[in-house]
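Next comes input-v6.cif, a file with mmCIF, C-alpha atoms.
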data_model
#
loop_
_atom_site.label_atom_id
_atom_site.label_comp_id
_atom_site.auth_asym_id
_atom_site.auth_seq_id
_atom_site.Cartn_x
_atom_site.Cartn_y
_atom_site.Cartn_z
CA MET A 1493 -26.69 14.46 17.97
CA SER A 1494 -30.37 14.42 17.09
CA VAL A 1495 -32.59 11.66 18.45
CA GLU A 1496 -33.38 10.51 14.90
CA ARG A 1497 -29.71 10.34 13.96
CA GLU A 1498 -28.91 8.48 17.18
CA ARG A 1499 -31.62 5.90 16.38
CA SER A 1500 -30.24 5.54 12.85
CA ASN A 1501 -26.72 5.06 14.21
CA HIS A 1502 -28.01 2.57 16.80
CA GLY A 1503 -29.74 0.64 14.02
CA ARG A 1504 -26.54 0.42 11.97
CA VAL A 1505 -24.54 -0.75 14.98
CA CYS A 1506 -27.13 -3.35 15.98
CA ASP A 1507 -27.73 -4.51 12.42
CA GLY A 1508 -26.20 -7.90 11.77
CA GLN A 1509 -25.56 -7.08 8.11
CA ARG A 1510 -22.20 -5.47 8.88
CA LEU A 1511 -21.12 -8.37 11.09
CA TYR A 1512 -22.15 -10.81 8.36
CA ALA A 1513 -20.19 -8.84 5.74
CA LEU A 1514 -17.09 -8.74 7.94
CA LEU A 1515 -17.20 -12.46 8.72
CA GLN A 1516 -17.81 -13.30 5.08
CA GLU A 1517 -14.89 -11.13 3.94
CA GLN A 1518 -12.65 -12.62 6.63
CA ALA A 1519 -13.54 -16.12 5.37
CA GLU A 1520 -12.73 -15.10 1.79
CA VAL A 1521 -9.37 -13.61 2.80
CA ALA A 1522 -8.61 -16.71 4.91
CA LYS A 1523 -9.27 -18.88 1.83
CA LEU A 1524 -6.91 -16.70 -0.21
CA LEU A 1525 -4.37 -17.03 2.58
CA LEU A 1526 -4.85 -20.79 2.45
CA GLY A 1527 -4.05 -20.66 -1.29
CA ALA A 1528 -0.89 -18.68 -0.58
CA ALA A 1529 0.13 -21.19 2.10
CA GLU A 1530 -0.39 -24.01 -0.40
CA GLU A 1531 1.75 -22.12 -2.93
CA LEU A 1532 4.41 -21.80 -0.24
CA ARG A 1533 4.23 -25.54 0.40
CA ASP A 1534 4.65 -26.20 -3.32
CA GLY A 1535 7.60 -23.82 -3.44
CA ILE A 1536 9.23 -25.58 -0.51
CA LEU A 1537 8.71 -28.99 -2.09
CA GLU A 1538 10.01 -27.79 -5.46
CA ARG A 1539 12.86 -25.87 -3.80
CA ASP A 1540 11.84 -22.86 -5.88
CA LEU A 1541 13.09 -19.75 -4.10
CA ALA A 1542 11.18 -17.33 -6.36
CA LYS A 1543 7.94 -19.20 -5.68
CA ILE A 1544 8.64 -19.21 -1.93
CA GLU A 1545 9.36 -15.48 -1.89
CA ALA A 1546 6.21 -14.69 -3.90
CA ALA A 1547 4.07 -16.84 -1.60
CA VAL A 1548 5.54 -15.27 1.54
CA ALA A 1549 4.92 -11.77 0.16
CA ARG A 1550 1.31 -12.71 -0.68
CA GLU A 1551 0.83 -14.27 2.75
CA SER A 1552 2.12 -11.10 4.40
CA GLU A 1553 -0.25 -8.90 2.40
CA LEU A 1554 -3.23 -11.15 3.09
CA SER A 1555 -2.35 -11.45 6.78
CA ASP A 1556 -2.35 -7.67 7.06
CA ARG A 1557 -5.77 -7.54 5.38
CA LEU A 1558 -7.14 -10.25 7.67
CA ASN A 1559 -5.80 -8.40 10.71
CA ALA A 1560 -7.49 -5.17 9.58
CA LEU A 1561 -10.78 -7.02 9.13
CA GLU A 1562 -10.43 -8.56 12.59
CA GLN A 1563 -9.91 -5.11 14.07
CA GLU A 1564 -13.05 -3.90 12.28
CA ARG A 1565 -14.98 -6.88 13.61
CA ALA A 1566 -13.75 -6.25 17.15
CA ALA A 1567 -14.77 -2.59 16.84
CA TRP A 1568 -18.22 -3.64 15.63
CA VAL A 1569 -18.59 -5.99 18.60
CA ALA A 1570 -17.53 -3.22 21.00
CA GLN A 1571 -20.05 -0.80 19.44
CA TRP A 1572 -22.73 -3.48 19.54
CA ALA A 1573 -21.99 -4.19 23.22
CA ALA A 1574 -22.14 -0.49 24.06
CA ALA A 1575 -25.43 -0.09 22.19
CA HIS A 1576 -26.85 -2.99 24.24
CA HIS A 1577 -25.37 -1.64 27.49
CA LEU A 1578 -23.06 -4.62 27.86
CA SER A 1579 -19.41 -4.68 28.81
CA ALA A 1580 -17.04 -4.84 25.85
CA GLU A 1581 -14.40 -6.53 28.05
CA PRO A 1582 -14.41 -9.42 27.66
CA ALA A 1583 -16.02 -9.21 24.25
CA PRO A 1584 -19.40 -10.91 24.01
CA ALA A 1585 -19.35 -14.34 22.39
CA LEU A 1586 -20.90 -14.73 18.96
CA SER A 1587 -23.63 -16.91 20.47
CA ASP A 1588 -24.55 -14.05 22.86
CA ILE A 1589 -24.74 -11.61 19.97
CA LEU A 1590 -26.76 -13.96 17.78
CA ALA A 1591 -29.22 -14.58 20.62
CA ARG A 1592 -30.35 -10.96 20.20
CA PHE A 1593 -31.08 -11.36 16.48
CA SER A 1594 -33.98 -13.02 14.78
CA GLU A 1595 -33.30 -16.49 13.39
CA GLU A 1596 -33.54 -15.01 9.89
CA GLU A 1597 -30.74 -12.53 10.67
CA ALA A 1598 -28.66 -14.95 12.74
CA GLU A 1599 -28.45 -17.88 10.30
CA PRO A 1600 -26.35 -16.18 7.58
CA ILE A 1601 -24.00 -14.87 10.30
CA ARG A 1602 -23.66 -18.40 11.72
CA GLN A 1603 -22.85 -19.73 8.25
CA ALA A 1604 -20.25 -17.02 7.61
CA ALA A 1605 -18.65 -17.72 11.01
CA ALA A 1606 -18.58 -21.46 10.25
CA ALA A 1607 -16.94 -20.80 6.86
CA LEU A 1608 -14.32 -18.64 8.58
CA GLN A 1609 -13.70 -21.31 11.21
CA GLU A 1610 -13.29 -24.00 8.54
CA ALA A 1611 -10.88 -21.86 6.50
CA ALA A 1612 -8.87 -21.05 9.64
CA PHE A 1613 -8.66 -24.76 10.52
CA GLU A 1614 -7.47 -25.69 7.01
CA LEU A 1615 -4.97 -22.82 7.07
CA HIS A 1616 -3.63 -24.04 10.41
CA GLN A 1617 -3.13 -27.53 8.98
CA VAL A 1618 -1.26 -26.28 5.90
CA ASN A 1619 0.87 -23.94 8.02
CA GLN A 1620 1.76 -26.84 10.32
CA LEU A 1621 2.74 -28.95 7.32
CA ASN A 1622 4.85 -26.05 5.97
CA ALA A 1623 6.57 -25.69 9.34
CA ASP A 1624 7.31 -29.41 9.37
CA LEU A 1625 8.72 -29.25 5.83
CA VAL A 1626 10.94 -26.30 6.70
CA SER A 1627 12.12 -28.04 9.87
CA TYR A 1628 12.91 -31.21 7.89
CA SER A 1629 14.77 -29.18 5.26
CA LEU A 1630 16.80 -27.37 7.90
CA ALA A 1631 17.65 -30.66 9.62
CA HIS A 1632 18.84 -31.95 6.25
CA VAL A 1633 21.02 -28.86 5.77
CA GLN A 1634 22.35 -29.32 9.31
CA GLY A 1635 23.25 -32.93 8.49
CA LEU A 1636 25.06 -31.86 5.34
CA LEU A 1637 26.99 -29.15 7.17
CA SER A 1638 27.96 -31.61 9.88
CA ALA A 1639 29.14 -34.12 7.29
CA LEU A 1640 31.22 -31.43 5.57
CA ALA A 1641 32.74 -30.40 8.88
CA GLY A 1642 33.44 -34.01 9.86
CA ASP A 1643 31.29 -33.80 12.98
CA GLY A 1644 29.65 -36.99 14.18
CA GLU A 1645 26.82 -35.27 16.05
CA THR A 1646 25.16 -32.00 15.15
CA GLY A 1647 24.75 -29.09 17.48
CA GLY A 1648 21.30 -28.30 16.11
CA LEU A 1649 22.21 -25.00 14.50
CA TYR A 1650 19.07 -24.89 12.37
CA GLY A 1651 16.65 -26.97 14.40
CA PRO A 1652 13.60 -25.59 16.18
CA HIS A 1653 15.33 -25.88 19.57
CA ALA A 1654 18.57 -24.18 18.55
CA ALA A 1655 19.80 -21.33 20.68
CA LYS A 1656 22.00 -18.42 19.72
CA GLY A 1657 25.03 -19.94 21.45
CA ASP A 1658 24.76 -23.27 19.56
CA ALA A 1659 27.09 -22.14 16.75
CA PRO A 1660 30.71 -23.29 16.99
CA SER A 1661 33.23 -20.66 17.93
CA ARG A 1662 34.89 -20.77 14.49
CA ALA A 1663 33.28 -20.46 11.10
CA LEU A 1664 33.30 -23.61 8.93
CA VAL A 1665 35.60 -22.02 6.36
CA ASP A 1666 38.10 -20.89 9.01
CA TRP A 1667 38.08 -24.30 10.62
CA ARG A 1668 38.66 -26.14 7.35
CA VAL A 1669 41.52 -23.88 6.21
#
As structure tokens, the full file:
Amino acid sequence: MSVERERSNHGRVCDGQRLYALLQEQAEVAKLLLGAAEELRDGILERDLAKIEAAVARESELSDRLNALEQERAAWVAQWAAAHHLSAEPAPALSDILARFSEEEAEPIRQAAAALQEAAFELHQVNQLNADLVSYSLAHVQGLLSALAGDGETGGLYGPHAAKGDAPSRALVDWRV
């Protein structure tokens, strides 16, 4: 590789523009993922299976995209660390990377990282709410099944702490017949 090409490559690796673009795109995808999680919540509340399935499919697609962007970001950080003769393991913190940029270059990156962090926090909250709604719904189903079977106490077949062996030895239909 020519010296000029190596300098050009080094400049691209060290340039914060790519990191900024990756963080900004990750924040945008996280916001879309937040929208899909909210659609899932609405589907759960409305008991609309088609809406739930569509939201889950969208979440899966967006999660894959976010994962690919995270891999790109990690690769950029590894290249940046190598270009600065730093160890890539553990990966340098964003603050360490930004310390090597001018304030003019660092500020937009900080803002993009903050937007990503905020979107991730909101997504976590909605996902926790969705998990709680699903758990409540499954507990309700468990209560109904127990009432149909005439059981006083439930074995927790659908609860978050259920184990594979929690199911009764006979199916409900066989037991009732």
9 Å contact set for region 1564-1570 of chain A, only C-alpha atoms, chain neighbours under 2 positions out, as a PyMOL selection string: chain A and resi 1505-1506+1510-1511+1514-1515+1559-1562+1572-1575+1578-1581+1583-1584+1589
Selection dump of the PyMOL selection byres ((chain A and resi 1544-1555) around 6), as a list in words: Leu1525, Ala1528, Glu1531, Leu1532, Gly1535, Leu1541, Ala1542, Lys1543, Asp1556, Arg1557 and Leu1558 of chain A
Nearest to Glu1530 (chain A), chosen from A:Arg1602, A:His1616, A:His1577, A:Arg1592, with all atoms listed in the file counted in the distances: A:His1616
Neighbour list for Gln1603 (chain A) as a PyMOL selection string, cut-off 12 Å, all atoms listed in the file, skip fewer than 3 positions in-chain: chain A and resi 1511-1513+1515-1516+1519+1586+1590+1596-1600+1606-1610
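Taking CA of Ala1612 (chain A) as the reference point, CA of Glu1520 (chain A) is found at 10.6 Å.
You will find CA of Gln1509 (chain A) at 26.0 Å from CA of Glu1614 (chain A).
In this model, the gap between CA of Leu1526 (chain A) and CA of Leu1615 (chain A) comes to 5.0 Å.
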What would the selection look like, as a compact mmCIF listing (two decimals) with C-alpha atoms, in the coordinates of the input, if the PyMOL selection byres ((chain A and resi 1619-1622) around 8) were run on the coordinates I just shared?
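Heads up, here's the output in out.txt:
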# COMPACT_ATOMS: atom_id res chain seq x y z
CA ALA A 1529 0.13 -21.19 2.10
CA LEU A 1532 4.41 -21.80 -0.24
CA ARG A 1533 4.23 -25.54 0.40
CA ILE A 1536 9.23 -25.58 -0.51
CA LEU A 1615 -4.97 -22.82 7.07
CA HIS A 1616 -3.63 -24.04 10.41
CA GLN A 1617 -3.13 -27.53 8.98
CA VAL A 1618 -1.26 -26.28 5.90
CA ALA A 1623 6.57 -25.69 9.34
CA ASP A 1624 7.31 -29.41 9.37
CA LEU A 1625 8.72 -29.25 5.83
CA VAL A 1626 10.94 -26.30 6.70
Test item: axis-aligned box, all listed atoms of region 1593-1598 of chain A, 5 Å on each side, centre and edges in Å rounded to one decimal, as AutoDock Vina command-line options:
--center_x -31.3 --center_y -13.9 --center_z 13.2 --size_x 15.3 --size_y 15.1 --size_z 16.6
